[in-house]
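> Pasting model-v4.txt below, which is compact mmCIF, C-alpha atoms.
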```
# COMPACT_ATOMS: atom_id res chain seq x y z
CA MET A 190 0.00 0.00 0.00
CA SER A 191 1.53 3.27 -1.10
CA ALA A 192 1.46 6.35 1.08
CA PHE A 193 -0.75 7.98 -1.54
CA GLY A 194 -3.28 5.14 -1.28
CA VAL A 195 -3.28 5.53 2.49
CA LEU A 196 -4.00 9.25 2.12
CA LEU A 197 -6.82 8.59 -0.33
CA GLY A 198 -8.47 6.19 2.11
CA VAL A 199 -8.28 3.07 -0.02
CA PRO A 200 -8.74 -0.01 2.22
CA GLU A 201 -5.75 -2.27 2.49
CA ASP A 202 -7.02 -5.63 1.29
CA GLY A 203 -9.34 -5.33 -1.67
CA ASP A 204 -11.23 -8.40 -2.94
CA THR A 205 -11.48 -9.20 -6.59
CA CYS A 206 -14.03 -6.41 -6.67
CA THR A 207 -11.92 -3.46 -5.58
CA PHE A 208 -13.24 -0.59 -3.54
CA LEU A 209 -12.88 1.86 -6.41
CA GLY A 210 -13.77 -0.61 -9.14
CA SER A 211 -17.25 -1.57 -7.89
CA HIS A 212 -20.16 -0.21 -9.88
CA LEU A 213 -23.83 -1.03 -10.18
CA GLY A 214 -23.53 -2.67 -13.60
CA ASN A 215 -20.40 -4.80 -13.29
CA GLY A 216 -21.68 -7.46 -10.90
CA CYS A 217 -19.85 -6.21 -7.85
CA GLN A 218 -21.69 -5.81 -4.56
CA PHE A 219 -22.05 -2.46 -2.85
CA PRO A 220 -18.80 -2.07 -0.89
CA ALA A 221 -20.47 -0.82 2.28
CA PRO A 222 -17.96 1.07 4.41
CA THR A 223 -17.52 -0.47 7.85
CA ALA A 224 -15.63 0.55 10.97
CA GLU A 225 -12.53 -0.56 9.04
CA ILE A 226 -12.31 2.86 7.36
CA PHE A 227 -11.16 4.26 10.70
CA ASN A 228 -8.10 2.02 10.81
CA TRP A 229 -5.19 3.58 8.97
CA ALA A 230 -2.05 1.87 7.80
CA PRO A 231 0.96 3.51 9.47
CA LEU A 232 2.83 5.99 7.29
CA ALA A 233 5.94 5.60 9.43
CA THR A 234 6.90 3.89 12.66
CA TRP A 235 9.05 5.34 15.39
CA HIS A 236 10.77 3.08 17.88
CA ILE A 237 11.24 4.89 21.16
CA GLY A 238 12.53 2.75 24.00
CA GLY A 239 11.32 -0.51 22.52
CA ILE A 240 7.75 0.74 21.98
CA ALA A 241 6.61 1.20 18.39
CA PHE A 242 4.76 4.43 17.71
CA ASP A 243 2.81 4.26 14.47
CA ILE A 244 2.47 7.58 12.69
CA THR A 245 -0.90 7.34 11.00
CA LYS A 246 -2.97 9.93 9.18
CA PRO A 247 -4.87 11.08 12.32
CA VAL A 248 -1.53 11.74 14.03
CA VAL A 249 -0.36 13.84 11.07
CA LEU A 250 -3.64 15.76 11.15
CA LEU A 251 -3.30 16.21 14.91
CA ALA A 252 0.13 17.78 14.44
CA ILE A 253 -1.07 20.05 11.63
CA GLY A 254 -4.15 21.13 13.60
CA THR A 255 -2.17 21.84 16.77
CA LEU A 256 0.42 23.86 14.83
CA PHE A 257 -2.38 25.80 13.16
CA ILE A 258 -4.10 26.68 16.44
CA VAL A 259 -0.86 27.61 18.23
CA GLY A 260 0.29 29.63 15.22
CA PHE A 261 -3.03 31.43 14.89
CA PHE A 262 -3.16 32.50 18.53
CA LEU A 263 0.52 33.47 18.51
CA ILE A 264 -0.05 35.74 15.51
CA ALA A 265 -3.26 37.07 17.04
CA PHE A 266 -2.02 37.82 20.56
CA SER A 267 1.77 38.02 20.53
CA ARG A 268 1.80 41.77 19.89
CA PRO A 269 -1.63 43.02 20.99
CA THR A 270 -2.56 46.57 20.04
CA LEU A 271 -5.34 48.79 21.31
CA VAL A 272 -6.83 49.00 17.85
CA PRO A 273 -6.79 45.29 16.95
CA SER A 274 -5.53 44.00 13.64
CA ARG A 275 -7.72 41.68 11.62
CA THR A 276 -6.21 38.50 13.09
CA GLN A 277 -6.30 39.89 16.60
CA SER A 278 -9.97 40.82 16.41
CA LEU A 279 -10.74 37.34 15.10
CA GLY A 280 -8.89 35.82 18.03
CA GLU A 281 -10.66 38.16 20.45
CA LEU A 282 -13.98 37.15 18.93
CA GLY A 283 -13.23 33.49 19.71
CA TYR A 284 -11.98 34.26 23.19
CA THR A 285 -14.93 36.43 24.18
CA PHE A 286 -17.33 33.90 22.69
CA VAL A 287 -16.08 31.16 25.02
CA ARG A 288 -15.86 33.56 27.97
CA ASP A 289 -19.34 35.08 27.62
CA GLN A 290 -21.31 32.13 26.23
CA ILE A 291 -19.75 29.34 28.27
CA SER A 292 -17.63 30.44 31.24
CA ARG A 293 -19.62 33.46 32.51
CA GLU A 294 -22.97 31.73 31.93
CA VAL A 295 -22.02 28.48 33.68
CA ILE A 296 -19.31 29.23 36.25
CA GLY A 297 -19.74 32.97 36.76
CA LYS A 298 -17.17 35.71 37.30
CA ASP A 299 -14.72 33.53 39.21
CA GLY A 300 -14.51 31.21 36.23
CA ASP A 301 -12.48 33.78 34.30
CA LYS A 302 -9.31 32.07 35.55
CA TYR A 303 -10.21 28.96 33.56
CA VAL A 304 -11.17 30.71 30.32
CA PRO A 305 -7.74 30.20 28.66
CA PHE A 306 -8.05 26.46 29.22
CA LEU A 307 -11.62 26.43 27.93
CA VAL A 308 -10.65 28.46 24.86
CA SER A 309 -7.80 26.07 24.03
CA LEU A 310 -10.10 23.12 24.56
CA PHE A 311 -12.87 24.56 22.41
CA PHE A 312 -10.62 25.40 19.48
CA PHE A 313 -8.69 22.15 19.74
CA VAL A 314 -11.85 20.03 19.62
CA TRP A 315 -13.40 22.17 16.91
CA ILE A 316 -10.39 22.10 14.58
CA MET A 317 -9.98 18.35 15.13
CA ASN A 318 -13.65 17.87 14.23
CA LEU A 319 -13.38 20.24 11.30
CA PHE A 320 -10.81 18.01 9.58
CA SER A 321 -13.78 15.80 8.70
CA ILE A 322 -14.78 18.15 5.89
CA VAL A 323 -11.43 19.66 4.91
CA PRO A 324 -10.57 18.35 1.43
CA VAL A 325 -7.67 15.84 1.32
CA ALA A 326 -7.74 15.52 5.14
CA GLN A 327 -11.39 14.37 5.31
CA PHE A 328 -11.03 12.52 8.56
CA PRO A 329 -12.17 13.78 11.97
CA VAL A 330 -9.26 13.17 14.34
CA THR A 331 -11.67 12.92 17.27
CA SER A 332 -13.30 9.84 15.70
CA ARG A 333 -10.33 7.85 16.98
CA PHE A 334 -11.42 7.01 20.52
CA ALA A 335 -7.99 7.62 22.07
CA PHE A 336 -8.10 11.39 21.47
CA PRO A 337 -11.41 12.11 23.28
CA VAL A 338 -10.35 9.70 26.06
CA ALA A 339 -7.12 11.63 26.61
CA LEU A 340 -9.03 14.93 26.70
CA ALA A 341 -11.63 13.53 29.11
CA LEU A 342 -8.90 12.20 31.41
CA VAL A 343 -7.24 15.62 31.53
CA ILE A 344 -10.60 17.22 32.35
CA TRP A 345 -11.33 14.55 34.96
CA CYS A 346 -8.00 15.22 36.68
CA ILE A 347 -8.66 18.98 36.63
CA TYR A 348 -12.12 18.93 38.13
CA MET A 349 -11.30 16.28 40.73
CA PHE A 350 -8.21 18.23 41.79
CA LEU A 351 -10.06 21.56 41.87
CA GLY A 352 -12.92 20.09 43.88
CA MET A 353 -10.60 18.55 46.46
CA LYS A 354 -8.61 21.77 46.67
CA LYS A 355 -11.56 24.15 47.01
CA GLN A 356 -13.91 22.01 49.13
CA GLY A 357 -11.52 19.72 50.99
CA PRO A 358 -10.57 16.17 49.98
CA ILE A 359 -13.46 14.43 51.79
CA LYS A 360 -15.95 17.29 51.88
CA PHE A 361 -15.86 17.36 48.07
CA PHE A 362 -17.23 13.81 47.85
CA THR A 363 -19.77 14.17 50.64
CA ASN A 364 -21.02 17.43 49.11
CA PHE A 365 -22.23 15.82 45.93
CA MET A 366 -23.09 12.44 47.46
CA PHE A 367 -25.32 13.89 50.19
CA PRO A 368 -27.19 16.93 48.88
CA PRO A 369 -29.02 18.49 51.85
CA GLY A 370 -32.78 18.52 52.38
CA LEU A 371 -33.78 14.97 51.47
CA PRO A 372 -35.37 12.25 53.62
CA LYS A 373 -32.71 9.98 55.18
CA PRO A 374 -33.55 6.63 53.43
CA ILE A 375 -33.14 8.25 50.01
CA TYR A 376 -29.42 8.67 50.63
CA VAL A 377 -28.94 4.88 50.61
CA ILE A 378 -29.79 4.87 46.90
CA LEU A 379 -28.71 8.39 46.02
CA ALA A 380 -25.17 8.39 47.40
CA PRO A 381 -23.82 5.49 45.29
CA ILE A 382 -25.60 6.76 42.18
CA GLU A 383 -24.22 10.26 42.63
CA PHE A 384 -20.75 8.89 43.28
CA LEU A 385 -20.84 6.75 40.12
CA SER A 386 -22.28 9.53 37.97
CA ASN A 387 -19.78 12.14 39.18
CA VAL A 388 -16.64 10.07 39.21
CA LEU A 389 -17.04 7.40 36.54
CA VAL A 390 -19.91 8.20 34.19
CA ARG A 391 -18.96 11.84 33.59
CA PRO A 392 -15.58 11.31 31.87
CA PHE A 393 -16.92 8.24 30.08
CA THR A 394 -19.91 9.99 28.51
CA LEU A 395 -17.81 13.07 27.77
CA ALA A 396 -15.42 10.98 25.67
CA VAL A 397 -18.06 8.72 24.11
CA ARG A 398 -20.29 11.62 23.10
CA LEU A 399 -17.60 13.38 21.11
CA PHE A 400 -16.18 10.18 19.64
CA ALA A 401 -19.52 8.66 18.62
CA ASN A 402 -20.79 11.87 17.02
CA MET A 403 -17.73 12.22 14.84
CA PHE A 404 -17.63 8.50 14.13
CA ALA A 405 -21.27 8.44 13.02
CA GLY A 406 -20.92 11.62 10.98
CA HIS A 407 -17.87 10.39 9.11
CA LEU A 408 -19.50 7.01 8.46
CA LEU A 409 -22.65 8.71 7.09
CA ILE A 410 -20.73 10.95 4.70
CA THR A 411 -18.62 8.00 3.57
CA ILE A 412 -21.65 5.80 2.96
CA PHE A 413 -23.30 8.39 0.73
CA SER A 414 -20.17 9.27 -1.20
CA VAL A 415 -19.34 5.60 -1.75
CA GLY A 416 -22.99 5.15 -2.75
CA ALA A 417 -22.70 7.90 -5.36
CA TRP A 418 -19.53 6.33 -6.76
CA TYR A 419 -21.11 2.87 -6.83
CA LEU A 420 -24.38 3.97 -8.47
CA ALA A 421 -22.67 6.03 -11.18
CA GLY A 422 -23.19 3.37 -13.84
CA PRO A 423 -24.37 3.03 -17.38
CA THR A 424 -28.12 3.14 -16.57
CA VAL A 425 -30.31 6.22 -16.19
CA MET A 426 -31.59 5.00 -12.83
CA GLY A 427 -27.99 4.64 -11.72
CA TRP A 428 -27.23 8.26 -12.58
CA ILE A 429 -30.38 9.46 -10.85
CA GLY A 430 -29.41 7.49 -7.75
CA ALA A 431 -25.85 8.75 -7.93
CA THR A 432 -27.06 12.35 -8.16
CA GLY A 433 -29.34 11.87 -5.17
CA SER A 434 -26.58 10.21 -3.19
CA PHE A 435 -24.15 12.99 -4.05
CA ALA A 436 -26.71 15.63 -3.06
CA MET A 437 -27.06 13.85 0.28
CA THR A 438 -23.28 13.98 0.69
CA VAL A 439 -23.33 17.74 0.18
CA ALA A 440 -26.27 18.21 2.55
CA LEU A 441 -24.68 16.00 5.20
CA THR A 442 -21.42 17.92 4.90
CA GLY A 443 -23.33 21.08 5.77
CA PHE A 444 -25.07 19.30 8.63
CA GLU A 445 -21.73 17.96 9.86
CA MET A 446 -20.32 21.50 10.00
CA PHE A 447 -23.11 22.36 12.42
CA ILE A 448 -22.63 19.17 14.46
CA GLN A 449 -18.87 19.72 14.69
CA PHE A 450 -19.34 23.18 16.11
CA LEU A 451 -22.11 21.99 18.45
CA GLN A 452 -20.04 19.09 19.77
CA ALA A 453 -17.04 21.33 20.44
CA PHE A 454 -19.40 23.74 22.19
CA ILE A 455 -21.07 21.03 24.28
CA PHE A 456 -17.71 19.48 25.17
CA THR A 457 -16.47 22.83 26.48
CA LEU A 458 -19.81 23.61 28.13
CA LEU A 459 -19.80 20.33 30.07
CA THR A 460 -16.18 20.91 31.08
CA ALA A 461 -17.22 24.31 32.41
CA VAL A 462 -20.15 22.71 34.26
CA TYR A 463 -17.84 20.17 35.91
CA ILE A 464 -15.29 22.83 36.87
CA GLY A 465 -18.10 25.05 38.14
CA GLY A 466 -19.48 22.16 40.22
CA SER A 467 -16.04 21.69 41.77
CA LEU A 468 -15.68 25.39 42.58
CA HIS A 469 -19.09 25.87 44.18
CA ALA A 470 -20.35 23.21 46.55
CA GLU A 471 -24.12 23.25 45.97
CA HIS A 472 -25.15 23.60 42.38
CA MET B 272 -14.84 -27.54 8.58
CA SER B 273 -16.86 -25.76 5.92
CA LEU B 274 -19.99 -26.29 8.01
CA THR B 275 -18.33 -24.57 10.95
CA MET B 276 -17.21 -21.76 8.68
CA SER B 277 -20.67 -21.20 7.24
CA LEU B 278 -22.20 -21.40 10.72
CA LEU B 279 -19.68 -18.84 11.91
CA ALA B 280 -20.45 -16.55 8.98
CA GLU B 281 -24.17 -16.89 9.64
CA THR B 282 -23.75 -16.07 13.33
CA THR B 283 -21.70 -12.99 12.46
CA THR B 284 -24.34 -11.62 10.10
CA THR B 285 -27.06 -12.32 12.68
CA ILE B 286 -25.13 -10.39 15.31
CA LYS B 287 -24.62 -7.53 12.85
CA GLY B 288 -28.36 -7.41 12.17
CA LEU B 289 -29.04 -7.53 15.89
CA GLY B 290 -26.72 -4.57 16.32
CA ALA B 291 -28.80 -2.48 13.93
CA ILE B 292 -32.00 -3.52 15.74
CA GLY B 293 -30.36 -2.76 19.06
CA TYR B 294 -29.43 0.71 17.90
CA GLY B 295 -33.02 1.27 16.75
CA LEU B 296 -34.28 0.31 20.20
CA ALA B 297 -31.63 2.44 21.91
CA ALA B 298 -32.70 5.46 19.86
CA ILE B 299 -36.36 5.40 21.00
CA GLY B 300 -35.84 6.81 24.48
CA PRO B 301 -33.34 9.54 23.59
CA GLY B 302 -35.50 10.44 20.56
CA VAL B 303 -38.49 11.10 22.78
CA GLY B 304 -36.27 12.83 25.32
CA ILE B 305 -34.61 15.17 22.84
CA GLY B 306 -38.02 16.02 21.38
CA ILE B 307 -39.33 16.96 24.82
CA ILE B 308 -36.20 18.97 25.65
CA PHE B 309 -36.22 21.08 22.50
CA GLY B 310 -40.01 21.39 22.41
CA ASN B 311 -40.10 22.77 25.93
CA GLY B 312 -36.98 24.82 25.30
CA VAL B 313 -38.53 26.57 22.32
CA GLN B 314 -41.71 27.13 24.30
CA ALA B 315 -39.73 28.64 27.16
CA ILE B 316 -37.84 30.95 24.79
CA ALA B 317 -41.13 32.02 23.17
CA ARG B 318 -42.59 32.89 26.58
CA GLN B 319 -39.49 34.61 27.91
CA PRO B 320 -37.16 35.70 25.10
CA GLU B 321 -34.99 37.69 27.53
CA ALA B 322 -33.97 34.46 29.32
CA TYR B 323 -32.63 33.02 26.05
CA GLY B 324 -29.07 32.56 27.30
CA VAL B 325 -29.93 30.55 30.39
CA ILE B 326 -32.57 28.49 28.60
CA ARG B 327 -30.21 27.62 25.76
CA GLN B 328 -27.46 26.49 28.13
CA ASN B 329 -29.78 24.17 30.01
CA MET B 330 -31.44 22.97 26.80
CA LEU B 331 -28.06 21.98 25.34
CA LEU B 332 -27.04 20.32 28.60
CA GLY B 333 -30.18 18.20 28.66
CA PHE B 334 -29.75 17.45 24.97
CA ALA B 335 -26.15 16.31 25.51
CA LEU B 336 -27.14 14.01 28.36
CA ALA B 337 -30.04 12.43 26.47
CA GLU B 338 -28.03 12.10 23.29
CA ALA B 339 -25.21 10.24 25.07
CA LEU B 340 -27.54 7.26 25.54
CA ALA B 341 -28.32 7.02 21.84
CA LEU B 342 -24.64 7.32 20.97
CA ILE B 343 -23.63 4.57 23.39
CA GLY B 344 -26.27 2.44 21.66
CA PHE B 345 -24.71 3.34 18.33
CA VAL B 346 -21.18 2.41 19.40
CA ALA B 347 -22.06 -0.79 21.28
CA PRO B 348 -22.58 -2.99 18.16
CA PHE B 349 -19.19 -1.93 16.81
CA VAL B 350 -17.47 -2.62 20.11
CA LEU B 351 -19.19 -5.94 20.89
CA LYS B 352 -18.81 -7.30 17.38
```
Can the structure from this file be put into structure tokens for me?

Amino acid sequence: MSAFGVLLGVPEDGDTCTFLGSHLGNGCQFPAPTAEIFNWAPLATWHIGGIAFDITKPVVLLAIGTLFIVGFFLIAFSRPTLVPSRTQSLGELGYTFVRDQISREVIGKDGDKYVPFLVSLFFFVWIMNLFSIVPVAQFPVTSRFAFPVALALVIWCIYMFLGMKKQGPIKFFTNFMFPPGLPKPIYVILAPIEFLSNVLVRPFTLAVRLFANMFAGHLLITIFSVGAWYLAGPTVMGWIGATGSFAMTVALTGFEMFIQFLQAFIFTLLTAVYIGGSLHAEH
Amino acid sequence: MSLTMSLLAETTTTIKGLGAIGYGLAAIGPGVGIGIIFGNGVQAIARQPEAYGVIRQNMLLGFALAEALALIGFVAPFVLK
């Protein structure tokens, strides 16, 4: 498999009917894309201390995206002026959006300390999602489960640490496990549920939500674009189907743009909610 | 040998079909939930447009929580294949 084939997203082991060679007329079945399209052949392998690190396409995209974000904010804010330049006002727009729409609404004034983290998080997730519809890239980095898991673990560490620091190491747990003003027997059921939901379910759903949304979106777009390619055959019905399938691809791409932004927003919003819950005891 | 193979193949396809059915079932609850959340959210915004910010935050929070269930249902067939 050439590096070019890997970039184009051609699966590694084609049958006699190849992925690109299947059409409605030539007796090949519809090559329905499966979860396999998320597994990339390594472009290169680094051996560091006996462990092999595969450099796959998502890793390349991750590096490009990170460089882009860091570069953008460096250009925007390295030499701030009172009358902002075009890049600076764009950066300020993003910063104030996260501060006013997420941090101030959810945490309040004392959440301003955490805005830089939330801004980085929001733009990181958004750019990683956005790769899904960037030509040539066309793969959402966050649809590889490891990336959302790493982000969720970082967030988990932050809100657990903040909660223990602000409310006391044991008080933090009792505060959310025993909310005041309930009849005593309720606590027998409520305390374990609250403990599970705060400590285990939160990071899990945070990661799964982002991952599954991007996974499903990418699979949908792939199915319709493969469908258009497959249906484009010698018959009139084939061309009509191919046109419809292609139109669906375009429509879904637009829909995905909305979902990508929404998921980045919700990811940051939930992070702010968790941090806010750690800062203020009763919420 | 070939019988085992064909049996294996058959079982795999059945499990795949079951996964799709399972996702359909998993989507019922969150579907109803998301409908209720956005329906009531829009109603609340229509009654009190000045509280738009707060309503939207809570609407999206509820949406995210309900949606997580459907998405876990979507991922489960892939994971438990």
> Nearest residue to chain B out of A:Arg293, A:Lys302, A:Lys246, A:Arg398, using only C-alpha atoms?
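Nearest candidate to chain B out of A:Arg293, A:Lys302, A:Lys246, A:Arg398: A:Arg398.
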> Write out as a ChimeraX atom specification which residues come within 10 Å of Ala405 of chain A when counting all atoms listed in the file, dropping same-chain ones fewer than 2 positions away.
/A:224,332,400-403,407-411 /B:342,345-346
> Let me make sure I understand: among A:Thr432, A:Thr234, A:Thr207, A:Thr223, which one has the smallest atom-to-atom distance to chain B if we use only C-alpha atoms?
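For chain B, the nearest of the candidates is A:Thr223.
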> Nearest to Ala396 of chain A: which of A:Pro220, A:Pro247, A:Gly254, A:Pro337 is it, counting only C-alpha atoms?
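So, comparing all the options, the nearest one is A:Pro337.
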> Within 9 Å of (-19.0, 19.2, 19.9) (coordinates as in the file), grab all the protein and nucleic acid residues, counting all atoms listed in the file, and write them out as a list in words.
Phe311, Val314, Trp315, Asn318, Arg398, Leu399, Asn402, Met403, Ile448, Gln449, Phe450, Leu451, Gln452, Ala453, Phe454, Ile455, Phe456 and Thr457 of chain A
> Looking at B:Gly344, B:Pro320, B:Gly288, B:Gly312, which one is nearest to Gly300 of chain B, with distances taken over all atoms listed in the file?
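Under the stated criterion, the closest residue is B:Gly344.
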> I'd like to know which of A:Phe313, A:Trp418, A:Phe361, A:Phe334 is closest to chain B, using only C-alpha atoms.
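Answer, going by the shortest atom-to-atom distance: A:Phe334.
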> Would you mind listing, for every residue of chain B within 9 Å of chain A, the two atoms forming the shortest contact and the distance between them in Å to one decimal, using all atoms listed in the file, sorted by chain and ascending residue number, as CSV?

```
residue,atom,partner,partner_atom,distance
B:Gly324,CA,A:Glu294,CA,7.7
B:Val325,CA,A:Glu294,CA,7.2
B:Gln328,CA,A:Glu294,CA,7.9
B:Leu331,CA,A:Ile455,CA,7.1
B:Leu332,CA,A:Leu459,CA,7.4
B:Ala335,CA,A:Ile455,CA,7.0
B:Leu336,CA,A:Thr394,CA,8.3
B:Glu338,CA,A:Arg398,CA,7.8
B:Ala339,CA,A:Arg398,CA,5.5
B:Leu340,CA,A:Thr394,CA,8.6
B:Leu342,CA,A:Ala401,CA,5.8
B:Ile343,CA,A:Val397,CA,7.0
B:Phe345,CA,A:Ala401,CA,7.4
B:Val346,CA,A:Ala401,CA,6.5
B:Phe349,CA,A:Ala224,CA,7.3
```
> Tell me, in Å to one decimal, how far atom CA of Val287 of chain A is from atom CA of Phe320 of chain A.
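If I compute the distance from atom CA of Val287 of chain A to atom CA of Phe320 of chain A, I get 21.0 Å.
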> Rounded to one decimal place, report the atom CA of Lys298 of chain A-atom CA of Gly280 of chain A distance in Å.
21.0 Å
> Hey, what's within 8 Å of Met330 of chain B if we count all atoms listed in the file and toss same-chain stuff fewer than 3 positions away? As JSON, numbers by chain, please?
{"B": [308, 309, 312, 326, 327, 333, 334]}
> Return segment 330-344 of chain B, completed with N, CA and C atoms, as a compact mmCIF listing (two decimals), keeping the file's coordinate frame.

```txt
# COMPACT_ATOMS: atom_id res chain seq x y z
N MET B 330 -30.89 23.80 27.88
CA MET B 330 -31.44 22.97 26.80
C MET B 330 -30.33 22.10 26.21
N LEU B 331 -29.17 22.73 25.94
CA LEU B 331 -28.06 21.98 25.34
C LEU B 331 -27.52 20.94 26.31
N LEU B 332 -27.51 21.29 27.60
CA LEU B 332 -27.04 20.32 28.60
C LEU B 332 -27.93 19.09 28.61
N GLY B 333 -29.24 19.32 28.66
CA GLY B 333 -30.18 18.20 28.66
C GLY B 333 -30.07 17.40 27.38
N PHE B 334 -29.89 18.11 26.27
CA PHE B 334 -29.75 17.45 24.97
C PHE B 334 -28.52 16.55 24.97
N ALA B 335 -27.41 17.08 25.51
CA ALA B 335 -26.15 16.31 25.51
C ALA B 335 -26.30 15.04 26.35
N LEU B 336 -27.00 15.17 27.49
CA LEU B 336 -27.14 14.01 28.36
C LEU B 336 -28.03 12.95 27.73
N ALA B 337 -29.13 13.40 27.10
CA ALA B 337 -30.04 12.43 26.47
C ALA B 337 -29.39 11.77 25.26
N GLU B 338 -28.63 12.59 24.52
CA GLU B 338 -28.03 12.10 23.29
C GLU B 338 -26.96 11.05 23.57
N ALA B 339 -26.29 11.18 24.73
CA ALA B 339 -25.21 10.24 25.07
C ALA B 339 -25.72 8.81 25.05
N LEU B 340 -26.98 8.61 25.50
CA LEU B 340 -27.54 7.26 25.54
C LEU B 340 -27.66 6.68 24.14
N ALA B 341 -28.18 7.49 23.21
CA ALA B 341 -28.32 7.02 21.84
C ALA B 341 -26.96 6.70 21.24
N LEU B 342 -25.97 7.53 21.57
CA LEU B 342 -24.64 7.32 20.97
C LEU B 342 -23.96 6.08 21.54
N ILE B 343 -24.18 5.80 22.83
CA ILE B 343 -23.63 4.57 23.39
C ILE B 343 -24.28 3.38 22.68
N GLY B 344 -25.59 3.49 22.41
CA GLY B 344 -26.27 2.44 21.66
C GLY B 344 -25.72 2.28 20.26
```
